[in-house]
Amino acid sequence: MDLQKQTAPAVSELRASDAERDRIADILRDALAEGRLTADEHAERVEGVLRAKTVGELDVFIRDLPAAHRQDPGPSPAPAPYRPTAGAIPIDPDDNVVAIFSSAVRKGRWRTGRRIHAYAIFGSVEIDLSEALFDHQQVMIKAFSVFGSVEIRVPENVSLRGMGGGVLGSFEVDTLDSGDPEAPVVYVDGWAVLGSVEARPRRGKVVADILDRVQRKVDKSLRKHLNH
């Protein structure tokens with residue numbers, strides 16, 4: 001008895017999912033922003049994407065765009081953990097920044113310890129790490145604000161994590177992931193009671209230590225090559 005052979009459909013013939021339509025729409029939106037498509041072309045293609053039934057029909061709308069031919073960059077580096085490594089942070093602070101009915105500032109070129117305590121009681125504390133020297137990969141900032149404010153700024157090439165909270169106050173930490181596995185991780189913990197704690201990256205500022213370390217590796221490799 002003859003058995004009819006069944007062949008699997010080509011990828012282009014598979015039914016398109018909503019996620020695949022969204023991906024194509026994102027590429028078209030970027031192409032519009034880059035000036036590769038006019039507004040009319042963008043609208044026409046998006047309308048076609050919404051009507052498309054198969055993967056092959058979707059691909060037609062981005063075939064002439066560079067984004068359709070870029071290679072997969074591969075897996076992203078693992079994000080920094082949301083808690084410090086056990087034993088990496090001491091119990092006692094290396095530095096205390098206190099403002100009681102006043103203001104206190106740490107900024108410029110200074111060396112950070114592994115643990116910094118900040119207290120703002122009817123006052124304001126500013127801790128700026130954007131030009132600091134990091135001697136340790138993990139830094140904990142314990143911030144307490146009572147009718148005051150603690151403002152923390154970090155370089156944009158570190159990882160930033162927040163673990164605190166607010167009681168009739170505001171505790172805001174912008175989570176940040178560095179693409180460098182050796183980059184410092186700054187953990188901000190504590191409480192804002194009728195006050196505020198805020199931690200954000202300072203755009204345009206990077207940890208010079210990381211760049212110096214990379215340059216030293218390049219120089220070492222170059223010297224080794226020249227000596228051969």
# chains A, B, ... in the order shown; residues from 1 in each chain; ligands from 1
>>> select_by_dssp(residues="stretch 75-209 of chain A", states="strand (DSSP E or B)", output="PyMOL selection string")
chain A and resi 95-100+103-106+111-112+115-121+124-128+133-134+138-146+149-155+159-162+165-167+170-173+176+185-193+196-202
>>> atom_distance(atom1="atom CA of A:Gly108", atom2="atom CA of A:Glu131")
5.5 Å
>>> closest_residue(among="A:Ala78, A:Ser170, A:Ser196, A:Leu58", to="A:Phe122", atoms="only C-alpha atoms")
A:Ser196
>>> atom_distance(atom1="atom CA of A:Ser102", atom2="atom CA of A:Ala132")
23.4 Å
>>> closest_residue(among="A:Ile62, A:Met140, A:Leu129, A:Leu14", to="A:Arg29", atoms="only C-alpha atoms")
A:Ile62
>>> closest_residue(among="A:Ala120, A:Ala43, A:Leu28, A:Ala33", to="A:Asp59", atoms="only C-alpha atoms")
A:Leu28
>>> closest_residue(among="A:Ser17, A:Ser124, A:Ser178, A:Ser103", to="A:Ala52", atoms="only C-alpha atoms")
A:Ser17
>>> select_by_dssp(residues="stretch 58-194 of chain A", states="helix (DSSP H, G or I)", output="VMD selection string")
chain A and resid 58 to 60 66 to 69
>>> closest_residue(among="A:Ala16, A:Val207, A:Leu37, A:Ala80", to="A:Gly56", atoms="only C-alpha atoms")
A:Ala16
>>> residues_around(residues="stretch 141-144 of chain A", least_positions_apart="4", cutoff="6 Å", atoms="only C-alpha atoms", output="PDB file with C-alpha atoms, in the first residue's frame")
ATOM      1  CA  ARG A 115      29.784  50.329  52.553  1.00  0.00           C
ATOM      2  CA  ILE A 116      28.588  53.932  52.842  1.00  0.00           C
ATOM      3  CA  HIS A 117      25.916  55.130  55.274  1.00  0.00           C
ATOM      4  CA  ALA A 118      23.973  58.282  54.438  1.00  0.00           C
ATOM      5  CA  TYR A 119      21.663  60.042  56.916  1.00  0.00           C
ATOM      6  CA  VAL A 188      21.178  51.173  47.398  1.00  0.00           C
ATOM      7  CA  ASP A 189      19.237  50.122  50.498  1.00  0.00           C
ATOM      8  CA  GLY A 190      17.435  51.957  53.288  1.00  0.00           C
ATOM      9  CA  TRP A 191      14.260  53.921  53.961  1.00  0.00           C
ATOM     10  CA  ALA A 192      12.680  57.237  53.137  1.00  0.00           C
TER      11      ALA A 192
END
>>> atom_distance(atom1="atom CA of A:Asp18", atom2="atom CA of A:Asp40")
23.0 Å
